[in-house]
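> Below you'll find entry12.txt; it's compact mmCIF, C-alpha atoms.
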# COMPACT_ATOMS: atom_id res chain seq x y z
CA ASN A 1383 128.69 -114.08 -170.72
CA ALA A 1384 127.26 -110.87 -172.15
CA GLY A 1385 129.41 -109.39 -174.88
CA VAL A 1386 131.02 -112.29 -176.71
CA MET A 1387 128.55 -113.40 -179.35
CA GLN A 1388 128.75 -116.77 -181.03
CA ASN A 1389 126.54 -118.08 -183.77
CA PRO A 1390 124.94 -120.28 -184.53
CA ARG A 1391 124.21 -121.71 -181.07
CA HIS A 1392 123.51 -125.09 -182.58
CA LEU A 1393 124.76 -126.46 -185.87
CA VAL A 1394 124.00 -129.81 -187.44
CA ARG A 1395 126.08 -131.15 -190.31
CA ARG A 1396 126.38 -134.42 -192.13
CA ARG A 1397 129.71 -136.16 -192.44
CA GLY A 1398 131.80 -134.60 -195.17
CA GLN A 1399 130.16 -131.16 -195.03
CA GLU A 1400 131.77 -127.95 -193.88
CA ALA A 1401 131.03 -126.18 -190.61
CA ARG A 1402 131.58 -122.46 -190.07
CA LEU A 1403 131.43 -121.06 -186.57
CA ARG A 1404 131.41 -117.34 -185.95
CA CYS A 1405 132.55 -115.28 -182.99
CA SER A 1406 132.20 -111.57 -182.39
CA PRO A 1407 134.41 -110.48 -179.47
CA MET A 1408 133.42 -108.02 -176.79
CA LYS A 1409 133.57 -104.39 -177.80
CA GLY A 1410 137.13 -103.14 -177.54
CA HIS A 1411 138.65 -106.63 -177.53
CA SER A 1412 141.11 -107.45 -180.28
CA HIS A 1413 142.27 -110.87 -179.07
CA VAL A 1414 140.22 -113.99 -179.73
CA TYR A 1415 140.69 -117.55 -178.50
CA TRP A 1416 138.91 -120.73 -179.57
CA TYR A 1417 138.37 -123.74 -177.32
CA ARG A 1418 136.69 -127.10 -177.85
CA GLN A 1419 134.81 -129.07 -175.23
CA LEU A 1420 134.07 -132.71 -175.90
CA PRO A 1421 131.17 -134.30 -173.98
CA GLU A 1422 131.96 -134.72 -170.29
CA GLU A 1423 135.42 -133.19 -170.71
CA GLY A 1424 137.08 -129.88 -169.94
CA LEU A 1425 137.75 -127.14 -172.46
CA LYS A 1426 140.82 -127.57 -174.67
CA PHE A 1427 142.60 -124.63 -176.26
CA MET A 1428 142.68 -124.58 -180.03
CA VAL A 1429 143.90 -121.26 -181.40
CA TYR A 1430 144.68 -117.67 -180.45
CA LEU A 1431 144.25 -114.82 -182.94
CA GLN A 1432 144.62 -111.10 -183.14
CA LYS A 1433 143.21 -109.05 -185.94
CA GLU A 1434 144.50 -110.58 -189.20
CA ASN A 1435 147.09 -112.70 -187.38
CA ILE A 1436 147.25 -116.19 -185.96
CA ILE A 1437 149.41 -115.99 -182.86
CA ASP A 1438 149.22 -119.55 -181.53
CA GLU A 1439 147.56 -122.50 -183.22
CA SER A 1440 149.25 -125.22 -181.18
CA GLY A 1441 145.91 -126.77 -180.21
CA MET A 1442 144.46 -126.95 -183.69
CA PRO A 1443 144.22 -130.31 -185.43
CA LYS A 1444 146.67 -130.34 -188.33
CA GLU A 1445 144.06 -131.06 -190.99
CA ARG A 1446 140.58 -129.79 -191.83
CA PHE A 1447 140.56 -127.02 -189.20
CA SER A 1448 141.35 -123.36 -189.86
CA ALA A 1449 140.66 -120.06 -188.16
CA GLU A 1450 140.73 -116.44 -189.14
CA PHE A 1451 140.06 -113.06 -187.60
CA PRO A 1452 139.79 -110.53 -190.40
CA LYS A 1453 140.22 -106.81 -190.07
CA GLU A 1454 136.47 -106.38 -190.39
CA GLY A 1455 133.91 -108.85 -189.13
CA PRO A 1456 133.84 -111.78 -186.75
CA SER A 1457 136.39 -114.50 -186.18
CA ILE A 1458 135.61 -117.70 -188.07
CA LEU A 1459 136.46 -121.26 -187.12
CA ARG A 1460 136.12 -123.46 -190.16
CA ILE A 1461 135.98 -127.24 -190.15
CA GLN A 1462 136.11 -128.95 -193.52
CA GLN A 1463 134.86 -132.47 -194.25
CA VAL A 1464 133.45 -132.93 -190.78
CA VAL A 1465 133.54 -136.31 -189.06
CA ARG A 1466 131.59 -137.70 -186.11
CA GLY A 1467 134.49 -136.95 -183.76
CA ASP A 1468 134.10 -133.23 -184.45
CA SER A 1469 130.86 -133.22 -182.47
CA ALA A 1470 131.53 -130.92 -179.55
CA ALA A 1471 130.86 -127.52 -178.07
CA TYR A 1472 133.13 -124.83 -179.49
CA PHE A 1473 133.70 -121.78 -177.33
CA CYS A 1474 135.19 -118.46 -178.25
CA ALA A 1475 136.74 -116.07 -175.74
CA SER A 1476 138.11 -112.57 -176.07
CA SER A 1477 140.35 -110.20 -174.17
CA PRO A 1478 141.33 -106.58 -174.70
CA ARG A 1479 145.01 -107.40 -174.81
CA GLY A 1480 147.19 -110.43 -174.62
CA GLY A 1481 149.95 -111.25 -172.23
CA ASP A 1482 149.08 -109.05 -169.29
CA GLY A 1483 147.11 -111.38 -167.06
CA GLN A 1484 143.70 -110.02 -168.02
CA PRO A 1485 140.95 -112.66 -167.96
CA GLN A 1486 139.31 -113.97 -171.08
CA HIS A 1487 135.56 -113.64 -171.43
CA PHE A 1488 133.68 -116.48 -173.06
CA GLY A 1489 130.67 -116.75 -175.28
CA ASP A 1490 127.98 -119.38 -174.84
CA GLY A 1491 129.40 -121.57 -177.55
CA THR A 1492 128.29 -123.36 -180.69
CA ARG A 1493 127.17 -126.93 -180.27
CA LEU A 1494 128.15 -128.87 -183.36
CA SER A 1495 126.46 -132.17 -184.06
CA ILE A 1496 127.59 -134.43 -186.88
CA LEU A 1497 125.08 -136.89 -188.28
CA ASP B 69 147.90 -130.86 -168.28
CA ALA B 70 146.21 -128.77 -165.60
CA LYS B 71 148.51 -127.59 -162.83
CA THR B 72 145.77 -127.59 -160.22
CA THR B 73 143.99 -130.17 -158.09
CA GLN B 74 140.38 -129.75 -157.01
CA PRO B 75 137.88 -132.05 -155.32
CA PRO B 76 135.56 -133.53 -157.95
CA SER B 77 132.37 -132.51 -156.16
CA MET B 78 131.01 -130.58 -153.20
CA ASP B 79 127.64 -129.82 -151.69
CA CYS B 80 126.61 -126.61 -150.00
CA ALA B 81 123.38 -125.56 -148.29
CA GLU B 82 121.59 -122.62 -149.81
CA GLY B 83 122.41 -119.40 -147.97
CA ARG B 84 125.62 -120.74 -146.52
CA ALA B 85 129.14 -119.91 -147.65
CA ALA B 86 130.65 -122.20 -150.25
CA ASN B 87 134.40 -122.68 -149.85
CA LEU B 88 136.03 -124.31 -152.85
CA PRO B 89 139.66 -125.37 -152.39
CA CYS B 90 142.37 -125.62 -155.01
CA ASN B 91 145.92 -126.91 -154.77
CA HIS B 92 148.57 -125.49 -157.07
CA SER B 93 151.79 -126.54 -155.36
CA THR B 94 153.97 -126.01 -158.45
CA ILE B 95 152.83 -122.45 -159.13
CA SER B 96 155.52 -120.05 -160.32
CA GLY B 97 156.03 -116.46 -159.31
CA ASN B 98 154.65 -115.10 -162.59
CA GLU B 99 151.49 -117.20 -162.58
CA TYR B 100 148.04 -115.95 -161.70
CA VAL B 101 145.25 -118.00 -160.15
CA TYR B 102 141.95 -117.69 -162.02
CA TRP B 103 138.52 -119.00 -161.18
CA TYR B 104 135.80 -119.65 -163.72
CA ARG B 105 132.53 -121.49 -163.49
CA GLN B 106 130.41 -123.23 -166.08
CA ILE B 107 126.72 -123.60 -165.65
CA HIS B 108 125.22 -126.35 -167.75
CA SER B 109 125.05 -125.52 -171.47
CA GLN B 110 126.68 -122.11 -171.02
CA GLY B 111 130.19 -120.85 -171.61
CA PRO B 112 132.68 -120.45 -168.77
CA GLN B 113 132.00 -117.39 -166.67
CA TYR B 114 134.91 -115.44 -165.22
CA ILE B 115 134.69 -115.07 -161.44
CA ILE B 116 137.92 -113.67 -160.05
CA HIS B 117 141.69 -113.86 -160.30
CA GLY B 118 144.72 -112.95 -158.23
CA LEU B 119 148.48 -113.14 -158.05
CA LYS B 120 149.36 -113.23 -154.36
CA ASN B 121 147.02 -110.93 -152.47
CA ASN B 122 143.51 -111.85 -151.47
CA GLU B 123 140.89 -110.46 -153.82
CA THR B 124 137.19 -109.69 -153.50
CA ASN B 125 134.58 -108.63 -156.01
CA GLU B 126 130.81 -108.65 -156.23
CA MET B 127 130.73 -112.37 -156.93
CA ALA B 128 133.28 -113.94 -154.63
CA SER B 129 136.44 -113.73 -152.58
CA LEU B 130 139.74 -115.38 -153.40
CA ILE B 131 142.04 -116.35 -150.56
CA ILE B 132 145.59 -117.29 -151.58
CA THR B 133 147.91 -118.82 -149.00
CA GLU B 134 151.12 -117.02 -148.21
CA ASP B 135 153.22 -119.66 -149.98
CA ARG B 136 150.79 -119.46 -152.93
CA LYS B 137 150.54 -123.24 -153.12
CA SER B 138 146.80 -123.29 -152.57
CA SER B 139 143.78 -121.04 -152.71
CA THR B 140 140.12 -120.99 -151.76
CA LEU B 141 137.22 -119.47 -153.62
CA ILE B 142 134.48 -118.26 -151.31
CA LEU B 143 130.91 -117.66 -152.39
CA PRO B 144 129.60 -115.90 -149.29
CA HIS B 145 125.90 -116.74 -149.60
CA ALA B 146 125.38 -119.56 -152.07
CA THR B 147 122.14 -119.71 -154.05
CA LEU B 148 120.69 -122.45 -156.20
CA ARG B 149 121.92 -120.54 -159.25
CA ASP B 150 125.50 -121.05 -158.08
CA THR B 151 125.23 -124.76 -158.90
CA ALA B 152 127.94 -125.23 -161.53
CA VAL B 153 131.35 -126.69 -162.27
CA TYR B 154 134.05 -124.44 -160.83
CA TYR B 155 137.48 -124.35 -162.45
CA CYS B 156 140.66 -123.20 -160.75
CA ILE B 157 143.32 -122.38 -163.34
CA VAL B 158 146.91 -121.29 -163.06
CA LYS B 159 148.30 -119.32 -165.98
CA PRO B 160 151.45 -117.28 -166.55
CA ILE B 161 151.00 -113.54 -166.94
CA TYR B 162 152.25 -113.82 -170.51
CA GLY B 163 150.54 -117.12 -171.23
CA GLN B 164 147.95 -117.17 -173.92
CA ASN B 165 145.55 -119.95 -173.16
CA PHE B 166 143.79 -121.43 -170.18
CA VAL B 167 144.20 -125.12 -169.36
CA PHE B 168 140.94 -126.40 -167.89
CA GLY B 169 140.98 -129.41 -165.60
CA PRO B 170 137.88 -131.34 -164.52
CA GLY B 171 136.98 -128.73 -161.87
CA THR B 172 134.70 -129.09 -158.87
CA ARG B 173 131.01 -129.76 -159.37
CA LEU B 174 129.27 -127.64 -156.73
CA SER B 175 125.70 -128.53 -155.89
CA VAL B 176 123.81 -125.97 -153.84
CA LEU B 177 121.02 -127.72 -151.99
CA PRO B 178 117.76 -126.13 -150.83
So that I can check it, write out the structure of this file as structure tokens.

Amino acid sequence: NAGVMQNPRHLVRRRGQEARLRCSPMKGHSHVYWYRQLPEEGLKFMVYLQKENIIDESGMPKERFSAEFPKEGPSILRIQQVVRGDSAAYFCASSPRGGDGQPQHFGDGTRLSIL
Amino acid sequence: DAKTTQPPSMDCAEGRAANLPCNHSTISGNEYVYWYRQIHSQGPQYIIHGLKNNETNEMASLIITEDRKSSTLILPHATLRDTAVYYCIVKPIYGQNFVFGPGTRLSVLP
């Protein structure tokens, strides 16, 4: 998984706090995808972004979750007022382009634990 | 929902070939077959993908049947480090996200 960098690797928050997860895509990649993996489950798509644009957020919960991919800097997945059910592994993937069949390359994820 | 069916688990002896099957009987003409694997506590690792022709790279071979309704991932000489959950995913060329099913848990035994 060299190339896609996620930090922090582990994040602990108390209920009601905010969590910010960061993702730096592979060099030359301008498309970023966020997935969530609950314990013992498969990955679930959340959101797809290009630089400064959200392309598809059909998998994002309607409240408390937001994502951005600014012109400069990493992509951020932000979870406000976290609850126990937000505990999961959050993975970011990137690709050089979208819509041409190229594979996505994943980071090693951020494991979010809510106390 | 995932469009693929895989056995939940398989065992393979170290040094032997691991053949992981996948059924995707409803695949469309514009959909690729992708294989990823996830080793415990890591992110999914891309292995290989193909449309209709067989493919080979340094990691594995992908054999797609002529009717494209099933495929097999072949790890030619499995090692203990190949123990992982293997995901077979079908995605349209212009699709944006992968739909991960439960995959196949491959255990490579010494």
> For Asn1389 (chain A), which of A:Glu1423, A:Asp1490, A:Glu1445, A:Glu1450 is the closest residue, counting all atoms listed in the file?
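Ranked by minimum distance to Asn1389 (chain A), first place goes to A:Asp1490.
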> Pick out the chain B residues within 10 Å of chain A. Count only C-alpha atoms. Give them as a PyMOL selection string.
chain B and resi 98-104+106+109-119+155+159-171
> Counting only C-alpha atoms, select every polymer residue within 12 Å of (126.6, -124.8, -149.9) as defined in the file's coordinates, and provide the selection as a tab-separated table (two decimals) with C-alpha atoms, keeping the file's coordinate frame.

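So part29.tsv came out as:
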chain	number	residue	atom	x	y	z
B	77	SER	CA	132.37	-132.51	-156.16
B	78	MET	CA	131.01	-130.58	-153.20
B	79	ASP	CA	127.64	-129.82	-151.69
B	80	CYS	CA	126.61	-126.61	-150.00
B	81	ALA	CA	123.38	-125.56	-148.29
B	82	GLU	CA	121.59	-122.62	-149.81
B	83	GLY	CA	122.41	-119.40	-147.97
B	84	ARG	CA	125.62	-120.74	-146.52
B	85	ALA	CA	129.14	-119.91	-147.65
B	86	ALA	CA	130.65	-122.20	-150.25
B	87	ASN	CA	134.40	-122.68	-149.85
B	88	LEU	CA	136.03	-124.31	-152.85
B	142	ILE	CA	134.48	-118.26	-151.31
B	143	LEU	CA	130.91	-117.66	-152.39
B	144	PRO	CA	129.60	-115.90	-149.29
B	145	HIS	CA	125.90	-116.74	-149.60
B	146	ALA	CA	125.38	-119.56	-152.07
B	147	THR	CA	122.14	-119.71	-154.05
B	148	LEU	CA	120.69	-122.45	-156.20
B	149	ARG	CA	121.92	-120.54	-159.25
B	150	ASP	CA	125.50	-121.05	-158.08
B	151	THR	CA	125.23	-124.76	-158.90
B	152	ALA	CA	127.94	-125.23	-161.53
B	173	ARG	CA	131.01	-129.76	-159.37
B	174	LEU	CA	129.27	-127.64	-156.73
B	175	SER	CA	125.70	-128.53	-155.89
B	176	VAL	CA	123.81	-125.97	-153.84
B	177	LEU	CA	121.02	-127.72	-151.99
B	178	PRO	CA	117.76	-126.13	-150.83
> Any idea what the distance is between CA of Glu1439 (chain A) and CA of Met1387 (chain A)?
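It comes out at 21.4 Å.
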> Give me, as a list in words, all polymer residues having an atom no more than 7 Å from region 135-140 of chain B, counting all atoms listed in the file and skipping those fewer than 6 positions away in the same chain.
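Listed by chain and then number, they are Asn87, Leu88, Pro89, Cys90, Asn91, His92, Ser93, Thr94, Ile95 and Lys120 of chain B.
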> As a ChimeraX atom specification, please: the residues near region 1402-1410 of chain A (cut-off 7 Å, all atoms listed in the file, same-chain neighbours under 3 positions excluded).
/A:1385-1390,1414,1456-1461,1474,1476,1478
> For CA of Pro76 (chain B) and CA of Cys156 (chain B), determine how far apart the two atoms are, in Å to one decimal place.
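Here the two named atoms are 11.9 Å from each other.
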> Can you tell me, as a ChimeraX atom specification, what residues are no more than 12 Å from Gln1462 (chain A) when counting all atoms listed in the file, ignoring any on the same chain fewer than 3 positions away?
/A:1395-1403,1443-1449,1459,1465,1468
> In Å to one decimal, how far is CA of Arg105 (chain B) from CA of Leu1393 (chain A)?
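So the two atoms, CA of Leu1393 (chain A) and CA of Arg105 (chain B), lie 24.2 Å apart.
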> Compile the contact shell of Ile131 (chain B) as a list of chain:residue names: residues with an atom at most 7 Å away, counting only C-alpha atoms, same-chain residues fewer than 2 positions apart removed.
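Those residues are B:Asn122, B:Glu123, B:Ser129, B:Thr133, B:Ser139, B:Thr140, B:Leu141.
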> Output C-alpha atoms for every residue in the selection just made, as a PDB file, keeping the file's coordinate frame.

ATOM      1  CA  ASN B 122     143.510-111.850-151.470  1.00  0.00           C
ATOM      2  CA  GLU B 123     140.890-110.460-153.820  1.00  0.00           C
ATOM      3  CA  SER B 129     136.440-113.730-152.580  1.00  0.00           C
ATOM      4  CA  THR B 133     147.910-118.820-149.000  1.00  0.00           C
ATOM      5  CA  SER B 139     143.780-121.040-152.710  1.00  0.00           C
ATOM      6  CA  THR B 140     140.120-120.990-151.760  1.00  0.00           C
ATOM      7  CA  LEU B 141     137.220-119.470-153.620  1.00  0.00           C
TER       8      LEU B 141
END
> Could you put an axis-aligned box around every listed atom of region 165-176 of chain B, padded by 4 Å on each side, and send me its centre and edge lengths in Å to one decimal, as AutoDock Vina command-line options?

--center_x 134.7 --center_y -125.6 --center_z -163.5 --size_x 29.7 --size_y 19.4 --size_z 27.3
> Please determine, counting all atoms listed in the file, which residue among B:Thr73, B:His108, B:Glu134, B:Gly97 has the shortest atom-to-atom distance to Val153 (chain B).
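With all atoms listed in the file as the atom set, the closest residue is B:His108.
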> Which residue is closest to Tyr154 (chain B)? Choose from B:Pro75, B:Ile132, B:Glu126, B:Asn121 and count only C-alpha atoms.
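Going through B:Pro75, B:Ile132, B:Glu126, B:Asn121 one by one, the smallest distance to Tyr154 (chain B) is for B:Pro75.
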> Quick one: region 80-92 of chain B from the block, all heavy atoms, as a PDB file, in the first residue's frame.

ATOM      1  N   CYS B  80      -4.656 -23.677   1.605  1.00  0.00           N
ATOM      2  CA  CYS B  80      -3.693 -24.013   0.566  1.00  0.00           C
ATOM      3  C   CYS B  80      -2.370 -24.340   1.240  1.00  0.00           C
ATOM      4  O   CYS B  80      -1.974 -23.653   2.202  1.00  0.00           O
ATOM      5  CB  CYS B  80      -3.520 -22.843  -0.405  1.00  0.00           C
ATOM      6  SG  CYS B  80      -2.277 -23.111  -1.680  1.00  0.00           S
ATOM      7  N   ALA B  81      -1.686 -25.360   0.742  1.00  0.00           N
ATOM      8  CA  ALA B  81      -0.377 -25.713   1.292  1.00  0.00           C
ATOM      9  C   ALA B  81       0.680 -24.753   0.757  1.00  0.00           C
ATOM     10  O   ALA B  81       0.660 -24.361  -0.417  1.00  0.00           O
ATOM     11  CB  ALA B  81      -0.023 -27.146   0.926  1.00  0.00           C
ATOM     12  N   GLU B  82       1.579 -24.380   1.633  1.00  0.00           N
ATOM     13  CA  GLU B  82       2.665 -23.496   1.233  1.00  0.00           C
ATOM     14  C   GLU B  82       3.433 -24.090   0.059  1.00  0.00           C
ATOM     15  O   GLU B  82       3.731 -25.293   0.031  1.00  0.00           O
ATOM     16  CB  GLU B  82       3.606 -23.294   2.434  1.00  0.00           C
ATOM     17  CG  GLU B  82       4.673 -22.263   2.223  1.00  0.00           C
ATOM     18  CD  GLU B  82       5.555 -22.088   3.447  1.00  0.00           C
ATOM     19  OE1 GLU B  82       5.529 -22.977   4.329  1.00  0.00           O
ATOM     20  OE2 GLU B  82       6.252 -21.054   3.531  1.00  0.00           O
ATOM     21  N   GLY B  83       3.727 -23.244  -0.929  1.00  0.00           N
ATOM     22  CA  GLY B  83       4.453 -23.686  -2.109  1.00  0.00           C
ATOM     23  C   GLY B  83       3.574 -24.197  -3.238  1.00  0.00           C
ATOM     24  O   GLY B  83       4.042 -24.317  -4.374  1.00  0.00           O
ATOM     25  N   ARG B  84       2.331 -24.479  -2.913  1.00  0.00           N
ATOM     26  CA  ARG B  84       1.417 -24.932  -3.959  1.00  0.00           C
ATOM     27  C   ARG B  84       0.677 -23.747  -4.551  1.00  0.00           C
ATOM     28  O   ARG B  84       0.686 -22.640  -4.000  1.00  0.00           O
ATOM     29  CB  ARG B  84       0.405 -25.934  -3.370  1.00  0.00           C
ATOM     30  CG  ARG B  84       1.024 -27.117  -2.675  1.00  0.00           C
ATOM     31  CD  ARG B  84       1.843 -27.964  -3.620  1.00  0.00           C
ATOM     32  NE  ARG B  84       1.028 -28.665  -4.586  1.00  0.00           N
ATOM     33  CZ  ARG B  84       0.569 -29.903  -4.400  1.00  0.00           C
ATOM     34  NH1 ARG B  84       0.812 -30.557  -3.289  1.00  0.00           N
ATOM     35  NH2 ARG B  84      -0.130 -30.490  -5.334  1.00  0.00           N
ATOM     36  N   ALA B  85       0.013 -23.990  -5.690  1.00  0.00           N
ATOM     37  CA  ALA B  85      -0.787 -22.938  -6.305  1.00  0.00           C
ATOM     38  C   ALA B  85      -2.106 -22.787  -5.549  1.00  0.00           C
ATOM     39  O   ALA B  85      -2.732 -23.776  -5.174  1.00  0.00           O
ATOM     40  CB  ALA B  85      -1.056 -23.264  -7.759  1.00  0.00           C
ATOM     41  N   ALA B  86      -2.494 -21.556  -5.344  1.00  0.00           N
ATOM     42  CA  ALA B  86      -3.797 -21.262  -4.745  1.00  0.00           C
ATOM     43  C   ALA B  86      -4.721 -20.787  -5.865  1.00  0.00           C
ATOM     44  O   ALA B  86      -4.380 -19.836  -6.579  1.00  0.00           O
ATOM     45  CB  ALA B  86      -3.670 -20.199  -3.666  1.00  0.00           C
ATOM     46  N   ASN B  87      -5.847 -21.462  -6.010  1.00  0.00           N
ATOM     47  CA  ASN B  87      -6.818 -21.121  -7.049  1.00  0.00           C
ATOM     48  C   ASN B  87      -8.102 -20.646  -6.382  1.00  0.00           C
ATOM     49  O   ASN B  87      -8.827 -21.427  -5.780  1.00  0.00           O
ATOM     50  CB  ASN B  87      -7.119 -22.337  -7.924  1.00  0.00           C
ATOM     51  CG  ASN B  87      -5.881 -22.830  -8.663  1.00  0.00           C
ATOM     52  OD1 ASN B  87      -5.370 -22.170  -9.555  1.00  0.00           O
ATOM     53  ND2 ASN B  87      -5.389 -23.976  -8.259  1.00  0.00           N
ATOM     54  N   LEU B  88      -8.381 -19.376  -6.491  1.00  0.00           N
ATOM     55  CA  LEU B  88      -9.534 -18.792  -5.824  1.00  0.00           C
ATOM     56  C   LEU B  88     -10.623 -18.499  -6.854  1.00  0.00           C
ATOM     57  O   LEU B  88     -10.428 -17.674  -7.747  1.00  0.00           O
ATOM     58  CB  LEU B  88      -9.147 -17.504  -5.093  1.00  0.00           C
ATOM     59  CG  LEU B  88      -8.243 -17.695  -3.877  1.00  0.00           C
ATOM     60  CD1 LEU B  88      -6.775 -17.651  -4.253  1.00  0.00           C
ATOM     61  CD2 LEU B  88      -8.549 -16.639  -2.835  1.00  0.00           C
ATOM     62  N   PRO B  89     -11.784 -19.159  -6.711  1.00  0.00           N
ATOM     63  CA  PRO B  89     -12.842 -18.968  -7.708  1.00  0.00           C
ATOM     64  C   PRO B  89     -13.757 -17.794  -7.356  1.00  0.00           C
ATOM     65  O   PRO B  89     -13.878 -17.409  -6.183  1.00  0.00           O
ATOM     66  CB  PRO B  89     -13.609 -20.285  -7.615  1.00  0.00           C
ATOM     67  CG  PRO B  89     -13.463 -20.676  -6.176  1.00  0.00           C
ATOM     68  CD  PRO B  89     -12.109 -20.191  -5.734  1.00  0.00           C
ATOM     69  N   CYS B  90     -14.416 -17.312  -8.395  1.00  0.00           N
ATOM     70  CA  CYS B  90     -15.387 -16.223  -8.217  1.00  0.00           C
ATOM     71  C   CYS B  90     -16.461 -16.353  -9.289  1.00  0.00           C
ATOM     72  O   CYS B  90     -16.140 -16.505 -10.470  1.00  0.00           O
ATOM     73  CB  CYS B  90     -14.687 -14.878  -8.317  1.00  0.00           C
ATOM     74  SG  CYS B  90     -15.791 -13.457  -8.129  1.00  0.00           S
ATOM     75  N   ASN B  91     -17.702 -16.307  -8.868  1.00  0.00           N
ATOM     76  CA  ASN B  91     -18.812 -16.303  -9.811  1.00  0.00           C
ATOM     77  C   ASN B  91     -19.371 -14.901  -9.955  1.00  0.00           C
ATOM     78  O   ASN B  91     -19.611 -14.215  -8.956  1.00  0.00           O
ATOM     79  CB  ASN B  91     -19.921 -17.250  -9.349  1.00  0.00           C
ATOM     80  CG  ASN B  91     -19.550 -18.699  -9.554  1.00  0.00           C
ATOM     81  OD1 ASN B  91     -18.944 -19.041 -10.565  1.00  0.00           O
ATOM     82  ND2 ASN B  91     -19.878 -19.548  -8.608  1.00  0.00           N
ATOM     83  N   HIS B  92     -19.567 -14.496 -11.190  1.00  0.00           N
ATOM     84  CA  HIS B  92     -20.172 -13.185 -11.469  1.00  0.00           C
ATOM     85  C   HIS B  92     -21.070 -13.349 -12.679  1.00  0.00           C
ATOM     86  O   HIS B  92     -20.815 -12.774 -13.749  1.00  0.00           O
ATOM     87  CB  HIS B  92     -19.113 -12.094 -11.676  1.00  0.00           C
ATOM     88  CG  HIS B  92     -17.818 -12.564 -12.265  1.00  0.00           C
ATOM     89  ND1 HIS B  92     -17.649 -12.783 -13.616  1.00  0.00           N
ATOM     90  CD2 HIS B  92     -16.631 -12.847 -11.673  1.00  0.00           C
ATOM     91  CE1 HIS B  92     -16.400 -13.187 -13.824  1.00  0.00           C
ATOM     92  NE2 HIS B  92     -15.766 -13.238 -12.671  1.00  0.00           N
TER      93      HIS B  92
END
